[in-house]
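Enquirer: Sharing start-v2.cif below, mmCIF, C-alpha atoms:
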data_my_file
loop_
_atom_site.group_PDB
_atom_site.id
_atom_site.type_symbol
_atom_site.label_atom_id
_atom_site.label_comp_id
_atom_site.auth_asym_id
_atom_site.auth_seq_id
_atom_site.Cartn_x
_atom_site.Cartn_y
_atom_site.Cartn_z
ATOM 1 C CA MET A 1 -74.797 6.159 48.116
ATOM 2 C CA THR A 2 -71.367 4.750 48.892
ATOM 3 C CA SER A 3 -68.037 5.357 47.225
ATOM 4 C CA PRO A 4 -66.164 2.570 45.457
ATOM 5 C CA GLU A 5 -63.764 0.748 47.757
ATOM 6 C CA GLY A 6 -60.786 1.584 45.527
ATOM 7 C CA THR A 7 -61.241 5.327 45.946
ATOM 8 C CA LYS A 8 -58.867 6.952 48.377
ATOM 9 C CA PHE A 9 -59.916 9.816 50.621
ATOM 10 C CA CYS A 10 -57.749 12.095 52.705
ATOM 11 C CA LEU A 11 -59.496 13.521 55.785
ATOM 12 C CA GLU A 12 -58.489 17.055 56.679
ATOM 13 C CA SER A 13 -58.152 18.014 60.347
ATOM 14 C CA ASN A 14 -61.259 20.183 60.589
ATOM 15 C CA PHE A 15 -63.324 17.422 58.991
ATOM 16 C CA ILE A 16 -62.113 15.007 61.675
ATOM 17 C CA ILE A 17 -63.014 17.501 64.414
ATOM 18 C CA ASP A 18 -66.487 17.946 62.885
ATOM 19 C CA LEU A 19 -66.881 14.168 62.736
ATOM 20 C CA LEU A 20 -65.916 13.791 66.389
ATOM 21 C CA ASN A 21 -68.334 16.629 67.155
ATOM 22 C CA GLY A 22 -71.086 14.672 65.375
ATOM 23 C CA LYS A 23 -71.774 17.403 62.800
ATOM 24 C CA GLU A 24 -74.487 16.079 60.509
ATOM 25 C CA ASN A 25 -72.771 16.916 57.203
ATOM 26 C CA ALA A 26 -69.482 15.354 58.279
ATOM 27 C CA VAL A 27 -71.177 12.183 59.552
ATOM 28 C CA LYS A 28 -73.167 11.902 56.325
ATOM 29 C CA VAL A 29 -70.018 12.104 54.187
ATOM 30 C CA PHE A 30 -68.149 9.671 56.443
ATOM 31 C CA GLU A 31 -70.993 7.134 56.219
ATOM 32 C CA GLU A 32 -70.715 7.422 52.454
ATOM 33 C CA ILE A 33 -66.957 6.870 52.265
ATOM 34 C CA LYS A 34 -66.197 4.714 55.287
ATOM 35 C CA ASN A 35 -65.642 1.537 53.268
ATOM 36 C CA SER A 36 -63.135 3.266 51.012
ATOM 37 C CA ARG A 37 -59.429 3.686 51.722
ATOM 38 C CA LEU A 38 -59.243 6.440 54.331
ATOM 39 C CA THR A 39 -56.083 8.403 54.939
ATOM 40 C CA VAL A 40 -54.782 11.386 56.855
ATOM 41 C CA THR A 41 -51.631 13.358 56.136
ATOM 42 C CA SER A 42 -48.728 13.047 58.547
ATOM 43 C CA ILE A 43 -48.911 16.822 59.092
ATOM 44 C CA ALA A 44 -52.612 16.793 59.998
ATOM 45 C CA SER A 45 -52.058 13.697 62.093
ATOM 46 C CA MET A 46 -49.271 15.397 64.046
ATOM 47 C CA ALA A 47 -51.274 18.589 64.541
ATOM 48 C CA LEU A 48 -54.655 17.116 65.288
ATOM 49 C CA PHE A 49 -53.964 13.969 67.221
ATOM 50 C CA GLU A 50 -51.475 15.589 69.551
ATOM 51 C CA ILE A 51 -53.974 18.367 70.272
ATOM 52 C CA LEU A 52 -56.793 15.931 70.965
ATOM 53 C CA ARG A 53 -54.684 13.515 72.967
ATOM 54 C CA GLY A 54 -53.283 16.337 75.053
ATOM 55 C CA GLN A 55 -56.704 17.842 75.603
ATOM 56 C CA GLU A 56 -58.657 14.712 76.408
ATOM 57 C CA LYS A 57 -58.424 13.209 79.876
ATOM 58 C CA ASN A 58 -61.444 10.895 79.627
ATOM 59 C CA GLN A 59 -60.096 7.404 78.840
ATOM 60 C CA GLU A 60 -63.387 6.208 77.351
ATOM 61 C CA LYS A 61 -63.325 9.092 74.884
ATOM 62 C CA VAL A 62 -59.673 8.406 74.067
ATOM 63 C CA ASN A 63 -60.560 4.771 73.302
ATOM 64 C CA LYS A 64 -63.433 5.831 71.042
ATOM 65 C CA PHE A 65 -61.141 8.296 69.325
ATOM 66 C CA GLU A 66 -58.625 5.491 68.717
ATOM 67 C CA GLU A 67 -61.367 3.618 66.820
ATOM 68 C CA LEU A 68 -61.259 6.383 64.223
ATOM 69 C CA ARG A 69 -57.484 6.575 64.266
ATOM 70 C CA LYS A 70 -57.217 2.845 63.479
ATOM 71 C CA LYS A 71 -59.243 3.345 60.293
ATOM 72 C CA LEU A 72 -56.824 5.926 58.889
ATOM 73 C CA VAL A 73 -53.614 5.260 57.028
ATOM 74 C CA VAL A 74 -51.078 8.053 57.565
ATOM 75 C CA LEU A 75 -49.668 9.447 54.312
ATOM 76 C CA PRO A 76 -46.017 10.437 54.768
ATOM 77 C CA PHE A 77 -44.564 13.760 53.662
ATOM 78 C CA GLY A 78 -41.640 12.498 51.619
ATOM 79 C CA GLU A 79 -39.600 13.691 48.670
ATOM 80 C CA ARG A 80 -42.435 13.466 46.098
ATOM 81 C CA GLU A 81 -44.764 15.413 48.372
ATOM 82 C CA ALA A 82 -42.077 18.029 49.091
ATOM 83 C CA ILE A 83 -41.423 18.596 45.376
ATOM 84 C CA GLU A 84 -45.163 18.914 44.707
ATOM 85 C CA ALA A 85 -45.598 21.326 47.625
ATOM 86 C CA SER A 86 -42.759 23.526 46.421
ATOM 87 C CA GLU A 87 -44.259 23.651 42.922
ATOM 88 C CA ILE A 88 -47.675 24.606 44.293
ATOM 89 C CA GLU A 89 -46.123 27.262 46.516
ATOM 90 C CA LYS A 90 -44.165 28.720 43.607
ATOM 91 C CA ALA A 91 -47.310 28.830 41.434
ATOM 92 C CA GLN A 92 -49.199 30.600 44.230
ATOM 93 C CA LYS A 93 -46.393 33.113 44.742
ATOM 94 C CA ASP A 94 -46.365 33.833 40.999
ATOM 95 C CA LYS A 95 -50.110 34.504 41.173
ATOM 96 C CA GLY A 96 -49.592 36.734 44.187
ATOM 97 C CA ALA A 97 -51.813 34.494 46.322
ATOM 98 C CA ALA A 98 -51.419 34.088 50.072
ATOM 99 C CA ILE A 99 -49.146 31.258 51.170
ATOM 100 C CA HIS A 100 -50.420 28.903 53.857
ATOM 101 C CA SER A 101 -47.519 26.464 53.915
ATOM 102 C CA ILE A 102 -49.153 23.780 56.018
ATOM 103 C CA ASP A 103 -52.306 23.708 53.860
ATOM 104 C CA ILE A 104 -50.158 23.540 50.733
ATOM 105 C CA MET A 105 -48.251 20.581 52.230
ATOM 106 C CA ILE A 106 -51.529 18.814 53.043
ATOM 107 C CA GLY A 107 -52.889 19.504 49.536
ATOM 108 C CA ALA A 108 -49.639 18.308 47.944
ATOM 109 C CA THR A 109 -49.713 15.091 49.980
ATOM 110 C CA ALA A 110 -53.316 14.331 48.970
ATOM 111 C CA LYS A 111 -52.599 15.120 45.328
ATOM 112 C CA THR A 112 -49.374 13.082 45.146
ATOM 113 C CA ASN A 113 -51.123 10.069 46.651
ATOM 114 C CA GLY A 114 -54.180 10.351 44.395
ATOM 115 C CA ALA A 115 -56.531 10.938 47.325
ATOM 116 C CA ILE A 116 -59.639 13.111 47.358
ATOM 117 C CA LEU A 117 -59.164 15.733 50.063
ATOM 118 C CA ILE A 118 -62.228 16.202 52.255
ATOM 119 C CA SER A 119 -62.191 19.746 53.521
ATOM 120 C CA ASN A 120 -64.355 22.821 53.877
ATOM 121 C CA ASP A 121 -61.277 25.026 54.193
ATOM 122 C CA LYS A 122 -61.863 28.067 51.982
ATOM 123 C CA TYR A 123 -58.148 28.271 51.211
ATOM 124 C CA TYR A 124 -58.289 25.205 48.943
ATOM 125 C CA GLN A 125 -61.281 26.640 47.094
ATOM 126 C CA THR A 126 -59.460 29.953 46.691
ATOM 127 C CA ILE A 127 -56.079 28.755 45.468
ATOM 128 C CA GLN A 128 -57.404 25.812 43.400
ATOM 129 C CA ILE A 129 -54.420 23.488 43.316
ATOM 130 C CA GLU A 130 -54.261 22.009 39.840
ATOM 131 C CA GLY A 131 -54.962 18.268 39.887
ATOM 132 C CA LEU A 132 -56.138 18.203 43.516
ATOM 133 C CA LYS A 133 -59.544 16.583 43.928
ATOM 134 C CA LEU A 134 -61.476 18.375 46.638
ATOM 135 C CA ARG A 135 -64.676 17.242 48.330
ATOM 136 C CA THR A 136 -66.543 19.687 50.563
ATOM 137 C CA TYR A 137 -69.211 18.670 53.054
ATOM 138 C CA MET B 1 -124.851 11.551 73.518
ATOM 139 C CA SER B 2 -125.321 7.854 73.966
ATOM 140 C CA LEU B 3 -122.767 5.397 72.685
ATOM 141 C CA THR B 4 -123.720 1.945 71.658
ATOM 142 C CA PHE B 5 -121.268 -0.924 71.968
ATOM 143 C CA GLY B 6 -120.957 -1.063 68.185
ATOM 144 C CA THR B 7 -119.982 2.601 67.618
ATOM 145 C CA TYR B 8 -117.452 2.481 70.467
ATOM 146 C CA THR B 9 -115.555 -0.517 69.091
ATOM 147 C CA THR B 10 -115.653 0.852 65.552
ATOM 148 C CA ASN B 11 -114.241 4.311 66.344
ATOM 149 C CA ALA B 12 -112.053 3.729 69.387
ATOM 150 C CA LEU B 13 -108.733 2.887 67.686
ATOM 151 C CA ALA B 14 -108.822 5.806 65.297
ATOM 152 C CA ASN B 15 -109.737 8.204 68.100
ATOM 153 C CA VAL B 16 -107.111 7.054 70.573
ATOM 154 C CA LEU B 17 -104.042 6.104 68.526
ATOM 155 C CA PRO B 18 -101.816 8.699 66.887
ATOM 156 C CA SER B 19 -102.453 8.754 63.173
ATOM 157 C CA ASN B 20 -98.933 7.478 62.335
ATOM 158 C CA LEU B 21 -99.636 4.230 64.196
ATOM 159 C CA VAL B 22 -102.650 3.323 62.124
ATOM 160 C CA LEU B 23 -101.805 1.857 58.746
ATOM 161 C CA PRO B 24 -103.947 3.357 55.992
ATOM 162 C CA MET B 25 -106.225 0.753 54.548
ATOM 163 C CA GLU B 26 -105.539 2.180 51.079
ATOM 164 C CA SER B 27 -102.199 0.320 51.206
ATOM 165 C CA PHE B 28 -104.061 -2.957 51.230
ATOM 166 C CA TRP B 29 -106.767 -2.271 48.683
ATOM 167 C CA GLY B 30 -104.830 -4.301 46.145
ATOM 168 C CA LEU B 31 -105.120 -7.312 48.400
ATOM 169 C CA ASP B 32 -108.805 -6.889 48.972
ATOM 170 C CA SER B 33 -109.962 -9.209 46.242
ATOM 171 C CA SER B 34 -111.625 -12.505 46.823
ATOM 172 C CA SER B 35 -108.454 -14.415 45.860
ATOM 173 C CA ALA B 36 -105.951 -12.337 47.884
ATOM 174 C CA ASN B 37 -108.015 -11.488 50.940
ATOM 175 C CA VAL B 38 -106.479 -14.100 53.212
ATOM 176 C CA TRP B 39 -105.539 -11.783 56.125
ATOM 177 C CA PRO B 40 -108.082 -10.898 58.774
ATOM 178 C CA THR B 41 -108.850 -7.160 58.863
ATOM 179 C CA TRP B 42 -107.674 -6.786 62.499
ATOM 180 C CA LEU B 43 -104.192 -7.977 61.489
ATOM 181 C CA LEU B 44 -103.906 -5.452 58.690
ATOM 182 C CA GLU B 45 -104.990 -2.580 60.940
ATOM 183 C CA TYR B 46 -102.813 -3.505 63.919
ATOM 184 C CA PRO B 47 -100.155 -0.801 64.460
ATOM 185 C CA ARG B 48 -96.683 -1.933 63.441
ATOM 186 C CA PRO B 49 -93.823 -1.108 65.847
ATOM 187 C CA ILE B 50 -91.349 1.494 64.627
ATOM 188 C CA LEU B 51 -87.885 -0.093 64.735
ATOM 189 C CA PRO B 52 -84.612 1.843 64.649
ATOM 190 C CA SER B 53 -82.956 1.661 61.230
ATOM 191 C CA PHE B 54 -79.978 -0.647 60.651
ATOM 192 C CA SER B 55 -77.669 2.304 59.971
ATOM 193 C CA LYS B 56 -78.560 3.938 63.304
ATOM 194 C CA LEU B 57 -77.788 0.744 65.190
ATOM 195 C CA HIS B 58 -74.359 0.560 63.539
ATOM 196 C CA GLN B 59 -73.212 4.155 63.944
ATOM 197 C CA GLU B 60 -69.528 4.645 64.626
ATOM 198 C CA ILE B 61 -68.765 5.027 68.318
ATOM 199 C CA PHE B 62 -66.643 8.137 67.801
ATOM 200 C CA TYR B 63 -69.453 10.280 66.400
ATOM 201 C CA GLY B 64 -70.164 13.159 68.735
ATOM 202 C CA ILE B 65 -67.539 12.383 71.386
ATOM 203 C CA LEU B 66 -66.480 16.047 71.360
ATOM 204 C CA SER B 67 -68.874 18.656 72.707
ATOM 205 C CA ASP B 68 -69.356 21.898 70.754
ATOM 206 C CA GLU B 69 -67.041 23.657 73.192
ATOM 207 C CA GLU B 70 -64.337 20.985 72.909
ATOM 208 C CA ALA B 71 -64.571 21.002 69.094
ATOM 209 C CA HIS B 72 -64.267 24.796 69.054
ATOM 210 C CA LYS B 73 -61.232 24.647 71.343
ATOM 211 C CA ALA B 74 -59.588 21.985 69.137
ATOM 212 C CA LYS B 75 -60.153 24.137 66.026
ATOM 213 C CA VAL B 76 -58.667 27.202 67.724
ATOM 214 C CA GLU B 77 -55.606 25.195 68.775
ATOM 215 C CA LEU B 78 -55.307 23.795 65.270
ATOM 216 C CA ASP B 79 -55.349 27.301 63.777
ATOM 217 C CA LEU B 80 -52.669 28.368 66.274
ATOM 218 C CA PHE B 81 -50.587 25.337 65.357
ATOM 219 C CA LYS B 82 -50.843 26.199 61.638
ATOM 220 C CA LYS B 83 -49.957 29.816 62.295
ATOM 221 C CA ARG B 84 -46.926 28.900 64.398
ATOM 222 C CA PHE B 85 -45.824 26.430 61.733
ATOM 223 C CA ASP B 86 -46.171 28.986 58.912
ATOM 224 C CA ASP B 87 -44.426 31.722 60.903
ATOM 225 C CA ASP B 88 -41.571 29.407 61.813
ATOM 226 C CA LEU B 89 -41.139 28.240 58.210
ATOM 227 C CA SER B 90 -41.207 31.807 56.957
ATOM 228 C CA ARG B 91 -38.583 32.829 59.536
ATOM 229 C CA ARG B 92 -36.322 29.943 58.490
ATOM 230 C CA ASN B 93 -36.765 30.808 54.807
ATOM 231 C CA LYS B 94 -35.712 34.375 55.524
ATOM 232 C CA ILE B 95 -32.572 33.148 57.248
ATOM 233 C CA LEU B 96 -31.722 30.538 54.589
ATOM 234 C CA PHE B 97 -32.770 32.280 51.396
ATOM 235 C CA ARG B 98 -32.898 35.943 52.455
ATOM 236 C CA GLU B 99 -36.549 36.021 51.300
#
Will you turn the file into structure tokens for me?
Expert:
Amino acid sequence: MTSPEGTKFCLESNFIIDLLNGKENAVKVFEEIKNSRLTVTSIASMALFEILRGQEKNQEKVNKFEELRKKLVVLPFGEREAIEASEIEKAQKDKGAAIHSIDIMIGATAKTNGAILISNDKYYQTIQIEGLKLRTY
Amino acid sequence: MSLTFGTYTTNALANVLPSNLVLPMESFWGLDSSSANVWPTWLLEYPRPILPSFSKLHQEIFYGILSDEEAHKAKVELDLFKKRFDDDLSRRNKILFRE
């Protein structure tokens, strides 16, 4: 089964690591969505790609990694995303839930841009951001 | 036990080839009528090669480029990055908003 091309997906950092690691579940989901619009948040991009680039010395691997990078559109963290993130954070504080700022910023970016966030991170399942579409793998 | 030429040629394929290489004749029973039986029996029984699937041939080149150890290390560094980010933001909030 493949997803419609108009659907937008936002790949979370751990999903990308699992994909690069060849984890069966991650590969299966990627095969399903790869013809859709694929995105990554600027925050995840900054965190993940700098880590991987800094860690990897093998040029062939770096080139292969760039093949994935070229498929992803980076979603910026702008004013709309900041407002959404602050609202989510306030709602979580009111509920007395733990605050993971960076995850909230990633969730807010995916939600604001109408993208389905692909993540197995338990935090998103726990806090349940209203209006955020989450896909686990 | 004595083998005749006839029993040897009749049983040899089934005895030697793995069972998944011999096509079951049941698949072709529908063709075995006088009007449809245009293929010689040896052609129907000949083992078909197993080809890799199209999707396997077109797998993305970045699948599996990280070893388990490298993936684990990347996840640990990512968690550290998130923690540092959260701690730093919390520290700034305390300074700015006296939270």
Enquirer: Figure out the distance between CA of Leu80 in chain B and CA of Lys133 in chain A, please, to one decimal in Å.
Expert: 26.2 Å
Enquirer: Select all residues from chain B having any atom no more than 7 Å from an atom of chain A (counting all atoms listed in the file, ignoring ligands), output as a ChimeraX atom specification.
Expert: /B:61-68,71,74-75,78,81-82,86
Enquirer: Applied to this file, what does the PyMOL selection byres ((chain A and resi 74) around 7) return in terms of residues, put as a ChimeraX atom specification?
Expert: /A:39-42,72-73,75-76
Enquirer: Quick one: which residues end up in the PyMOL selection byres ((chain A and resi 84) around 12) for this structure, as JSON, numbers by chain?
Expert: {"A": [77, 78, 79, 80, 81, 82, 83, 85, 86, 87, 88, 89, 90, 91, 104, 105, 106, 107, 108, 109, 110, 111, 112, 113, 129, 130, 131, 132]}
Enquirer: Would you mind telling me which residue in A:Lys8, A:Lys122, A:Lys95, A:Lys70 lies nearest to Ile33 in chain A when using all atoms listed in the file?
Expert: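 Using all atoms listed in the file, Ile33 in chain A sits closest to A:Lys8.
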Enquirer: Could you work out how far CA of Lys94 in chain B lies from CA of Ala98 in chain A, giving the answer in Å with one decimal?
Expert: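 Taking CA of Ala98 in chain A and CA of Lys94 in chain B, their separation equals 16.6 Å.
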Enquirer: Which value, in Å to one decimal, gives the distance between CA of Ile118 in chain A and CA of His72 in chain B?
Expert: 19.0 Å
Enquirer: What would the selection look like, as a list in words, if the PyMOL selection byres ((chain A and resi 137) around 8) were run on the coordinates I just shared?
Expert: Asn25, Ala26, Val29, Ile118, Ser119, Asn120, Arg135 and Thr136 of chain A
Enquirer: May I have the selected residues written with C-alpha atoms, as a PDB file, in the frame of the given file?
Expert:
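Once everything was written out, this is out26.pdb:
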ATOM      1  CA  ASN A  25     -72.771  16.916  57.203  1.00  0.00           C
ATOM      2  CA  ALA A  26     -69.482  15.354  58.279  1.00  0.00           C
ATOM      3  CA  VAL A  29     -70.018  12.104  54.187  1.00  0.00           C
ATOM      4  CA  ILE A 118     -62.228  16.202  52.255  1.00  0.00           C
ATOM      5  CA  SER A 119     -62.191  19.746  53.521  1.00  0.00           C
ATOM      6  CA  ASN A 120     -64.355  22.821  53.877  1.00  0.00           C
ATOM      7  CA  ARG A 135     -64.676  17.242  48.330  1.00  0.00           C
ATOM      8  CA  THR A 136     -66.543  19.687  50.563  1.00  0.00           C
TER       9      THR A 136
END
